[in-house]
$ cat protein_13.txt   # compact mmCIF, C-alpha atoms and all ligand atoms
# COMPACT_ATOMS: atom_id res chain seq x y z
CA MET A 279 -2.06 -10.99 24.72
CA PRO A 280 -2.19 -13.79 27.35
CA THR A 281 1.12 -15.05 25.93
CA GLY A 282 2.71 -11.60 26.26
CA LYS A 283 1.39 -11.22 29.79
CA ALA A 284 2.68 -14.63 30.82
CA ALA A 285 6.10 -13.81 29.36
CA VAL A 286 6.32 -10.52 31.27
CA GLU A 287 5.11 -12.07 34.51
CA ALA A 288 7.74 -14.79 34.08
CA GLY A 289 10.44 -12.12 33.86
CA THR A 290 11.09 -11.46 30.16
CA ASN A 291 13.09 -8.33 29.34
CA ALA A 292 11.23 -7.54 26.12
CA LEU A 293 8.45 -8.68 23.78
CA SER A 294 8.40 -9.02 20.00
CA LEU A 295 5.38 -9.57 17.77
CA ILE A 296 4.13 -10.84 15.34
CA ASN A 297 5.55 -13.90 13.63
CA THR A 298 3.97 -15.32 10.48
CA ILE A 299 0.34 -16.48 10.48
CA GLN A 300 -0.45 -20.06 9.47
CA SER A 301 -2.22 -20.07 6.14
CA VAL A 302 -3.14 -21.78 2.88
CA THR A 303 -2.43 -19.23 0.16
CA GLY A 304 -4.22 -21.08 -2.62
CA ILE A 305 -4.75 -24.32 -4.51
CA ASP A 306 -3.47 -25.23 -7.96
CA LEU A 307 -6.68 -26.00 -9.89
CA ASP A 308 -4.89 -28.39 -12.26
CA THR A 309 -3.09 -30.55 -9.72
CA LEU A 310 -5.59 -29.86 -6.89
CA VAL A 311 -2.62 -29.60 -4.50
CA PRO A 312 -2.48 -26.55 -2.21
CA ASN A 313 0.54 -24.21 -2.42
CA PRO A 314 3.41 -24.87 -2.00
CA ASN A 315 3.51 -28.17 -3.82
CA VAL A 316 6.27 -30.39 -2.44
CA ALA A 317 6.14 -33.62 -4.42
CA GLY A 318 2.34 -33.62 -4.42
CA LYS A 319 1.91 -32.64 -0.76
CA SER A 320 1.60 -29.32 1.03
CA VAL A 321 1.64 -27.88 4.56
CA PHE A 322 0.31 -24.73 6.19
CA GLY A 323 2.59 -21.86 5.29
CA GLY A 324 3.59 -18.69 7.14
CA TYR A 325 1.71 -15.63 5.89
CA CYS A 326 3.72 -12.40 6.18
CA GLY A 327 4.37 -9.04 4.55
CA PRO A 328 1.87 -6.19 3.98
CA ALA A 329 -1.16 -8.51 4.26
CA VAL A 330 -0.48 -9.19 7.95
CA LYS A 331 0.22 -5.59 8.97
CA PRO A 332 -3.36 -4.79 10.13
CA ILE A 333 -3.39 -7.96 12.23
CA ALA A 334 0.01 -7.15 13.69
CA LEU A 335 -1.04 -3.59 14.54
CA LYS A 336 -4.14 -4.86 16.34
CA MET A 337 -2.15 -7.37 18.38
CA LEU A 338 0.46 -4.72 19.16
CA ALA A 339 -2.28 -2.31 20.26
CA THR A 340 -3.68 -4.81 22.77
CA ILE A 341 -0.18 -5.36 24.16
CA SER A 342 0.33 -1.59 24.42
CA GLN A 343 -2.98 -1.06 26.19
CA ASP A 344 -2.16 -3.49 28.97
CA PRO A 345 -0.25 -2.16 32.00
CA VAL A 346 1.52 -5.52 32.48
CA THR A 347 2.85 -5.94 28.94
CA THR A 348 3.91 -2.30 28.63
CA ARG A 349 6.39 -2.78 31.46
CA VAL A 350 8.92 -4.03 28.88
CA PRO A 351 10.09 -2.72 25.48
CA ILE A 352 8.11 -4.03 22.50
CA SER A 353 9.58 -4.82 19.09
CA GLY A 354 6.96 -4.58 16.34
CA ILE A 355 7.05 -6.93 13.34
CA GLY A 356 4.69 -7.87 10.52
CA GLY A 357 4.46 -6.15 7.15
CA VAL A 358 6.82 -3.26 7.85
CA SER A 359 7.83 -2.21 4.33
CA THR A 360 8.15 1.59 4.44
CA TRP A 361 9.03 4.32 6.96
CA LYS A 362 5.30 5.01 7.28
CA ASP A 363 4.70 1.43 8.42
CA ALA A 364 7.53 1.76 10.94
CA VAL A 365 6.04 4.99 12.31
CA GLU A 366 2.61 3.37 12.63
CA PHE A 367 4.10 0.51 14.67
CA MET A 368 5.91 3.03 16.89
CA LEU A 369 2.77 5.12 17.34
CA LEU A 370 1.14 1.99 18.71
CA GLY A 371 3.93 1.36 21.18
CA SER A 372 6.82 -0.36 19.40
CA THR A 373 10.15 0.82 20.72
CA THR A 374 11.86 -0.90 17.76
CA VAL A 375 10.62 -2.46 14.52
CA GLN A 376 11.86 -5.46 12.53
CA VAL A 377 11.67 -6.14 8.80
CA CYS A 378 11.78 -9.49 7.06
CA THR A 379 9.71 -9.77 3.87
CA ALA A 380 10.54 -6.26 2.58
CA VAL A 381 14.27 -6.91 2.99
CA MET A 382 13.87 -10.23 1.19
CA LYS A 383 12.28 -8.34 -1.72
CA HIS A 384 14.46 -5.21 -1.82
CA GLY A 385 17.59 -5.86 0.23
CA PHE A 386 18.94 -4.04 3.29
CA ARG A 387 19.06 -0.76 1.36
CA ILE A 388 15.38 -0.10 2.11
CA VAL A 389 16.31 0.41 5.76
CA GLU A 390 18.19 3.58 4.72
CA ASP A 391 15.01 4.84 3.00
CA MET A 392 13.07 4.07 6.16
CA CYS A 393 15.53 6.02 8.34
CA GLU A 394 15.42 8.98 5.95
CA GLY A 395 11.62 9.00 5.81
CA LEU A 396 11.37 8.69 9.57
CA ASN A 397 13.81 11.59 10.09
CA ASN A 398 11.93 13.84 7.65
CA TRP A 399 8.59 13.05 9.28
CA MET A 400 10.00 13.72 12.76
CA ASP A 401 11.36 17.10 11.62
CA GLU A 402 8.02 17.97 10.04
CA LYS A 403 6.12 17.05 13.21
CA GLY A 404 8.68 18.65 15.54
CA PHE A 405 9.60 15.40 17.31
CA LYS A 406 13.17 15.46 18.64
CA THR A 407 13.46 11.82 19.72
CA ILE A 408 11.44 8.70 18.99
CA ASN A 409 10.27 8.75 22.61
CA ASP A 410 8.28 11.89 21.75
CA PHE A 411 5.82 9.81 19.72
CA ILE A 412 6.15 6.14 20.72
CA GLY A 413 2.70 4.96 21.88
CA LYS A 414 1.03 8.30 21.07
CA SER A 415 -1.84 6.71 19.13
CA VAL A 416 -2.69 4.12 21.80
CA PRO A 417 -5.12 6.34 23.79
CA ALA A 418 -7.13 7.02 20.61
CA LEU A 419 -8.13 3.35 20.44
CA THR A 420 -11.20 2.83 22.56
CA HIS A 421 -14.18 0.42 22.84
CA TRP A 422 -17.05 0.78 20.39
CA GLU A 423 -19.44 1.51 23.27
CA ASP A 424 -17.43 4.66 24.03
CA LEU A 425 -17.56 6.13 20.54
CA ASP A 426 -19.57 9.33 20.13
CA ILE A 427 -22.80 8.31 18.42
CA ASN A 428 -23.66 11.94 17.77
CA TYR A 429 -20.76 12.01 15.31
CA HIS A 430 -22.29 11.59 11.88
CA ILE A 431 -20.92 11.98 8.38
CA ILE A 432 -22.73 12.11 5.06
CA ALA A 433 -21.39 11.48 1.58
CA LYS A 434 -21.34 14.37 -0.85
CA ILE A 435 -20.82 13.99 -4.60
CA ASN A 436 -18.98 16.74 -6.47
CA GLN A 437 -20.98 16.88 -9.71
CA ASP A 438 -18.15 18.74 -11.49
CA LYS A 439 -15.76 15.84 -10.88
CA CYS A 440 -18.25 12.99 -11.38
CA ILE A 441 -17.73 10.87 -14.51
CA HIS A 442 -21.22 9.29 -14.16
CA CYS A 443 -19.92 5.73 -13.93
CA GLY A 444 -22.59 4.72 -11.42
CA LEU A 445 -20.26 2.60 -9.27
CA CYS A 446 -21.24 4.46 -6.11
CA HIS A 447 -24.92 3.85 -6.82
CA ILE A 448 -24.42 0.10 -7.32
CA ALA A 449 -22.33 -0.17 -4.15
CA CYS A 450 -24.77 1.75 -1.98
CA GLU A 451 -27.80 0.08 -3.53
CA ASP A 452 -26.54 -3.51 -3.25
CA ALA A 453 -24.30 -3.40 -0.17
CA SER A 454 -25.23 -0.41 1.94
CA HIS A 455 -28.29 1.77 2.60
CA GLN A 456 -29.76 2.57 -0.82
CA SER A 457 -28.92 6.22 -0.30
CA ILE A 458 -27.71 7.26 -3.75
CA ASN A 459 -30.38 8.48 -6.09
CA LEU A 460 -30.15 7.64 -9.80
CA ASP A 461 -31.73 10.12 -12.19
CA TYR A 462 -31.80 8.71 -15.72
CA GLY A 463 -30.80 11.32 -18.24
CA LYS A 464 -29.07 12.08 -21.50
CA PRO A 465 -26.21 12.03 -22.20
CA TYR A 466 -25.46 10.95 -18.62
CA ASN A 467 -27.27 9.64 -15.58
CA THR A 468 -26.93 11.80 -12.47
CA TYR A 469 -26.18 10.50 -9.01
CA THR A 470 -27.03 12.38 -5.81
CA VAL A 471 -26.92 11.38 -2.17
CA LYS A 472 -30.18 11.15 -0.23
CA GLU A 473 -28.83 12.92 2.84
CA GLU A 474 -31.55 11.73 5.20
CA GLU A 475 -30.82 8.07 4.28
CA CYS A 476 -27.00 8.11 4.23
CA VAL A 477 -25.42 6.39 7.24
CA GLY A 478 -21.89 7.62 6.47
CA CYS A 479 -20.47 4.13 5.87
CA ASN A 480 -17.86 5.50 3.42
CA LEU A 481 -18.36 2.68 0.89
CA CYS A 482 -19.18 4.97 -2.05
CA LYS A 483 -16.08 7.08 -1.37
CA LEU A 484 -13.89 3.96 -1.40
CA ILE A 485 -15.48 2.73 -4.64
CA CYS A 486 -15.44 6.01 -6.57
CA PRO A 487 -12.59 5.98 -9.14
CA VAL A 488 -12.22 9.78 -9.15
CA GLU A 489 -10.08 11.29 -6.42
CA ASP A 490 -11.96 13.64 -4.07
CA CYS A 491 -15.15 13.33 -6.10
CA ILE A 492 -16.98 11.93 -3.07
CA THR A 493 -16.17 13.56 0.25
CA MET A 494 -17.56 12.81 3.68
CA GLU A 495 -19.01 15.84 5.44
CA GLU A 496 -19.64 16.08 9.14
CA HIS A 497 -23.27 16.58 10.17
CA ARG A 498 -23.43 16.05 13.95
CA LYS A 499 -26.66 14.67 15.35
CA GLY A 500 -26.22 16.61 18.57
CA ASP A 501 -23.69 18.97 20.15
CA GLU A 502 -22.89 16.73 23.11
CA TYR A 503 -20.70 13.63 23.23
CA LEU A 504 -23.09 10.68 23.62
CA ASN A 505 -21.94 7.11 24.10
CA TRP A 506 -23.93 3.92 23.62
CA LYS A 507 -24.60 3.27 27.34
CA GLU A 508 -25.90 6.79 27.88
CA PHE A 509 -27.96 6.52 24.70
CA GLN A 510 -29.61 3.35 26.01
CA ARG A 511 -30.10 4.81 29.51
CA GLN A 512 -31.96 7.78 28.04
CA GLY A 513 -34.12 5.41 25.95
CA LEU A 514 -33.66 7.52 22.83
CA PRO A 515 -35.25 6.16 19.64
CA LEU A 516 -32.76 4.09 17.63
CA ASN A 517 -33.76 5.54 14.27
CA ASP A 518 -32.64 8.96 15.51
CA HIS A 519 -29.08 7.69 15.24
C1 LIG A 601 11.25 -17.08 4.84
C2 LIG A 601 10.97 -16.71 6.25
C3 LIG A 601 11.61 -17.38 7.26
C4 LIG A 601 11.36 -17.06 8.59
N1 LIG A 601 12.01 -17.73 9.57
C5 LIG A 601 11.77 -17.43 10.86
C6 LIG A 601 12.45 -18.13 11.91
O1 LIG A 601 13.27 -19.00 11.66
N2 LIG A 601 12.16 -17.81 13.19
C7 LIG A 601 11.24 -16.83 13.49
O2 LIG A 601 11.00 -16.57 14.67
N3 LIG A 601 10.60 -16.15 12.52
C8 LIG A 601 10.84 -16.42 11.22
N4 LIG A 601 10.19 -15.73 10.24
C9 LIG A 601 9.21 -14.70 10.61
C10 LIG A 601 9.79 -13.31 10.50
O3 LIG A 601 10.80 -13.15 11.44
C11 LIG A 601 8.70 -12.24 10.78
O4 LIG A 601 8.23 -12.36 12.11
C12 LIG A 601 7.53 -12.37 9.85
O5 LIG A 601 7.94 -12.70 8.55
C13 LIG A 601 6.70 -11.07 9.78
O6 LIG A 601 7.46 -9.98 9.35
P1 LIG A 601 7.48 -9.46 7.83
O7 LIG A 601 6.07 -9.16 7.44
O8 LIG A 601 8.39 -8.26 7.85
O9 LIG A 601 8.05 -10.57 6.98
C14 LIG A 601 10.45 -16.05 8.90
C15 LIG A 601 9.81 -15.37 7.86
C16 LIG A 601 10.06 -15.69 6.55
C17 LIG A 601 9.34 -14.93 5.45
S1 LIG A 602 -21.71 6.72 2.71
FE1 LIG A 602 -22.60 4.68 2.60
S2 LIG A 602 -24.78 5.01 2.96
FE2 LIG A 602 -23.91 6.99 2.44
S3 LIG A 602 -24.22 7.21 0.26
FE3 LIG A 602 -22.18 6.34 0.55
S4 LIG A 602 -22.48 4.12 0.44
FE4 LIG A 602 -24.47 5.04 0.74
S1 LIG A 603 -18.55 6.55 -8.42
FE1 LIG A 603 -17.82 8.65 -8.40
S2 LIG A 603 -17.58 9.15 -10.56
FE2 LIG A 603 -18.82 7.32 -10.48
S3 LIG A 603 -20.95 8.09 -10.50
FE3 LIG A 603 -20.34 7.86 -8.37
S4 LIG A 603 -19.59 9.88 -7.78
FE4 LIG A 603 -19.62 9.81 -9.99
$ encode --input "protein_13.txt" --output "structure tokens"
Amino acid sequence: MPTGKAAVEAGTNALSLINTIQSVTGIDLDTLVPNPNVAGKSVFGGYCGPAVKPIALKMLATISQDPVTTRVPISGIGGVSTWKDAVEFMLLGSTTVQVCTAVMKHGFRIVEDMCEGLNNWMDEKGFKTINDFIGKSVPALTHWEDLDINYHIIAKINQDKCIHCGLCHIACEDASHQSINLDYGKPYNTYTVKEEECVGCNLCKLICPVEDCITMEEHRKGDEYLNWKEFQRQGLPLNDH
């Protein structure tokens, strides 16, 4: 961000981000030399492709939130591999996108797929030009203190879909809030969510191998929007939220 700001203040006509990220991708456990091995020596390499997309989107978002850096067009780069990726970059303020790794893997033809996907999505959403949606997701990114702490979700297990693998129980027990009850039984154990304990972290849903077996249901803790500062000002008990 400071780099982007300095570039705009110095008179640049446009910004582009991101380039590769310095990395060590791994070490050969036989030779003990990090990758890539160039005659027994290595250097930091440039990480790119899908792995860097979340980092690129975050950096792009900070550029798009700043009134100085948004004075110029922004070209988004970093892990763009499909039309969906391109749309996500544009929704966070990119006026153009660039593709490197995906073209290296699949050739220039994938750009045609991207254009087709983008066109179809625009038709579906009723967008006539790209300017109708560039930057549209930026206002939805806020500071954690401004999130509504009355918003609360609870995991629900669909017993008809459950295959009784127990993965959700292990995940919640060992890495979250011990909110999934295990009832030993024959032929299968049964897993149910302790609603009063569940903090809505989503971990069990991510772990569950069966699609839509675990869903997150909204259970608001209050009707009003309540942010962290207001919550502290009112001195409400923490365990209420
Ligand atoms: C093999 C390779 C060579 C690259 N060479 C350059 C370069 O010479 N100058 C530059 O600014 N960026 C260079 N990049 C970075 C890309 O332009 C791009 O910013 C980066 O790879 C992230 O996009 P991607 O995830 O689509 O690959 C190179 C990337 C790769 C993979
Ligand atoms: S959402 Fe989190 S806390 Fe709730 S049951 Fe799933 S893993 Fe446990
Ligand atoms: S992870 Fe999914 S399928 Fe496995 S026990 Fe939990 S709810 Fe059932």
$ closest_atom_pairs --input "protein_13.txt" --of "chain A" --to "ligand LIG 602 (chain A)" --cutoff "10 Å" --atoms "all atoms listed in the file" --output "JSON lines"
{"residue": "A:Ile431", "atom": "CA", "partner": "A:LIG602", "partner_atom": "S1", "distance": 7.8}
{"residue": "A:Ile432", "atom": "CA", "partner": "A:LIG602", "partner_atom": "FE2", "distance": 5.9}
{"residue": "A:Ala433", "atom": "CA", "partner": "A:LIG602", "partner_atom": "S1", "distance": 4.9}
{"residue": "A:Lys434", "atom": "CA", "partner": "A:LIG602", "partner_atom": "S3", "distance": 7.8}
{"residue": "A:Ile435", "atom": "CA", "partner": "A:LIG602", "partner_atom": "S3", "distance": 9.0}
{"residue": "A:Cys446", "atom": "CA", "partner": "A:LIG602", "partner_atom": "S4", "distance": 6.7}
{"residue": "A:His447", "atom": "CA", "partner": "A:LIG602", "partner_atom": "S4", "distance": 7.7}
{"residue": "A:Ile448", "atom": "CA", "partner": "A:LIG602", "partner_atom": "S4", "distance": 9.0}
{"residue": "A:Ala449", "atom": "CA", "partner": "A:LIG602", "partner_atom": "S4", "distance": 6.3}
{"residue": "A:Cys450", "atom": "CA", "partner": "A:LIG602", "partner_atom": "S4", "distance": 4.1}
{"residue": "A:Glu451", "atom": "CA", "partner": "A:LIG602", "partner_atom": "FE4", "distance": 7.3}
{"residue": "A:Asp452", "atom": "CA", "partner": "A:LIG602", "partner_atom": "S4", "distance": 9.4}
{"residue": "A:Ala453", "atom": "CA", "partner": "A:LIG602", "partner_atom": "S4", "distance": 7.8}
{"residue": "A:Ser454", "atom": "CA", "partner": "A:LIG602", "partner_atom": "S4", "distance": 5.5}
{"residue": "A:His455", "atom": "CA", "partner": "A:LIG602", "partner_atom": "S2", "distance": 4.8}
{"residue": "A:Gln456", "atom": "CA", "partner": "A:LIG602", "partner_atom": "FE4", "distance": 6.0}
{"residue": "A:Ser457", "atom": "CA", "partner": "A:LIG602", "partner_atom": "FE4", "distance": 4.7}
{"residue": "A:Ile458", "atom": "CA", "partner": "A:LIG602", "partner_atom": "S3", "distance": 5.3}
{"residue": "A:Asn459", "atom": "CA", "partner": "A:LIG602", "partner_atom": "S3", "distance": 8.9}
{"residue": "A:Thr470", "atom": "CA", "partner": "A:LIG602", "partner_atom": "S3", "distance": 8.5}
{"residue": "A:Val471", "atom": "CA", "partner": "A:LIG602", "partner_atom": "S3", "distance": 5.5}
{"residue": "A:Lys472", "atom": "CA", "partner": "A:LIG602", "partner_atom": "S3", "distance": 7.2}
{"residue": "A:Glu473", "atom": "CA", "partner": "A:LIG602", "partner_atom": "FE2", "distance": 7.7}
{"residue": "A:Glu474", "atom": "CA", "partner": "A:LIG602", "partner_atom": "FE2", "distance": 9.4}
{"residue": "A:Glu475", "atom": "CA", "partner": "A:LIG602", "partner_atom": "S2", "distance": 6.9}
{"residue": "A:Cys476", "atom": "CA", "partner": "A:LIG602", "partner_atom": "FE2", "distance": 3.7}
{"residue": "A:Val477", "atom": "CA", "partner": "A:LIG602", "partner_atom": "S2", "distance": 4.5}
{"residue": "A:Gly478", "atom": "CA", "partner": "A:LIG602", "partner_atom": "S1", "distance": 3.9}
{"residue": "A:Cys479", "atom": "CA", "partner": "A:LIG602", "partner_atom": "FE1", "distance": 3.9}
{"residue": "A:Asn480", "atom": "CA", "partner": "A:LIG602", "partner_atom": "S1", "distance": 4.1}
{"residue": "A:Leu481", "atom": "CA", "partner": "A:LIG602", "partner_atom": "S4", "distance": 4.4}
{"residue": "A:Cys482", "atom": "CA", "partner": "A:LIG602", "partner_atom": "FE3", "distance": 4.2}
{"residue": "A:Lys483", "atom": "CA", "partner": "A:LIG602", "partner_atom": "FE3", "distance": 6.4}
{"residue": "A:Leu484", "atom": "CA", "partner": "A:LIG602", "partner_atom": "S4", "distance": 8.8}
{"residue": "A:Ile485", "atom": "CA", "partner": "A:LIG602", "partner_atom": "S4", "distance": 8.8}
{"residue": "A:Cys486", "atom": "CA", "partner": "A:LIG602", "partner_atom": "FE3", "distance": 9.8}
{"residue": "A:Ile492", "atom": "CA", "partner": "A:LIG602", "partner_atom": "FE3", "distance": 8.4}
{"residue": "A:Thr493", "atom": "CA", "partner": "A:LIG602", "partner_atom": "S1", "distance": 9.1}
{"residue": "A:Met494", "atom": "CA", "partner": "A:LIG602", "partner_atom": "S1", "distance": 7.4}
{"residue": "A:Glu495", "atom": "CA", "partner": "A:LIG602", "partner_atom": "S1", "distance": 9.9}
$ axis_aligned_box --input "protein_13.txt" --around "ligand LIG 603 (chain A)" --padding-each-side "5 Å" --output "lines of an AutoDock Vina configuration file"
center_x = -19.3
center_y = 8.2
center_z = -9.2
size_x = 13.4
size_y = 13.3
size_z = 12.8
$ closest_residue --input "protein_13.txt" --among "A:Asn467, A:Cys378, A:Glu496, A:Gly513" --to "ligand LIG 603 (chain A)" --atoms "all atoms listed in the file"
A:Asn467
$ atom_distance --input "protein_13.txt" --atom1 "atom CA of A:Val389" --atom2 "atom O8 of ligand LIG 601 (chain A)"
11.9 Å
$ residues_near_ligand --input "protein_13.txt" --ligand "ligand LIG 603 (chain A)" --cutoff "6 Å" --atoms "only C-alpha atoms and all ligand atoms" --output "list in words"
Ile435, Cys440, Ile441, His442, Cys443, Gly444, Leu445, Cys446, Tyr469, Cys486, Pro487, Val488, Cys491 and Ile492 of chain A
$ closest_residue --input "protein_13.txt" --among "A:Gly304, A:Gly327, A:Pro312, A:Pro280" --to "ligand LIG 601 (chain A)" --atoms "all atoms listed in the file"
A:Gly327
$ atom_distance --input "protein_13.txt" --atom1 "atom CA of A:Val377" --atom2 "atom C14 of ligand LIG 601 (chain A)"
10.0 Å
$ atom_distance --input "protein_13.txt" --atom1 "atom CA of A:Val346" --atom2 "atom CA of A:Gly324"
28.6 Å
$ residues_near_ligand --input "protein_13.txt" --ligand "ligand LIG 601 (chain A)" --cutoff "10 Å" --atoms "all atoms listed in the file" --output "VMD selection string"
chain A and resid 294 to 299 323 to 331 334 354 to 359 375 to 383
$ closest_residue --input "protein_13.txt" --among "A:Val365, A:Met392, A:Leu370, A:Leu504" --to "A:Leu425" --atoms "all atoms listed in the file"
A:Leu504
$ residues_near_point --input "protein_13.txt" --point "(5.0, 7.5, 19.5)" --cutoff "8 Å" --atoms "all atoms listed in the file" --output "mmCIF file with C-alpha atoms, in the coordinates of the input"
data_model
loop_
_atom_site.group_PDB
_atom_site.id
_atom_site.type_symbol
_atom_site.label_atom_id
_atom_site.label_comp_id
_atom_site.auth_asym_id
_atom_site.auth_seq_id
_atom_site.Cartn_x
_atom_site.Cartn_y
_atom_site.Cartn_z
ATOM 1 C CA VAL A 365 6.040 4.990 12.310
ATOM 2 C CA MET A 368 5.910 3.030 16.890
ATOM 3 C CA LEU A 369 2.770 5.120 17.340
ATOM 4 C CA LEU A 370 1.140 1.990 18.710
ATOM 5 C CA GLY A 371 3.930 1.360 21.180
ATOM 6 C CA ILE A 408 11.440 8.700 18.990
ATOM 7 C CA ASN A 409 10.270 8.750 22.610
ATOM 8 C CA ASP A 410 8.280 11.890 21.750
ATOM 9 C CA PHE A 411 5.820 9.810 19.720
ATOM 10 C CA ILE A 412 6.150 6.140 20.720
ATOM 11 C CA GLY A 413 2.700 4.960 21.880
ATOM 12 C CA LYS A 414 1.030 8.300 21.070
ATOM 13 C CA SER A 415 -1.840 6.710 19.130
#
$ closest_residue --input "protein_13.txt" --among "A:Arg349, A:Val311, A:Val302, A:Lys336" --to "A:Thr290" --atoms "only C-alpha atoms"
A:Arg349
$ closest_residue --input "protein_13.txt" --among "A:His430, A:Lys464, A:Lys283, A:His497" --to "A:Asp344" --atoms "all atoms listed in the file"
A:Lys283
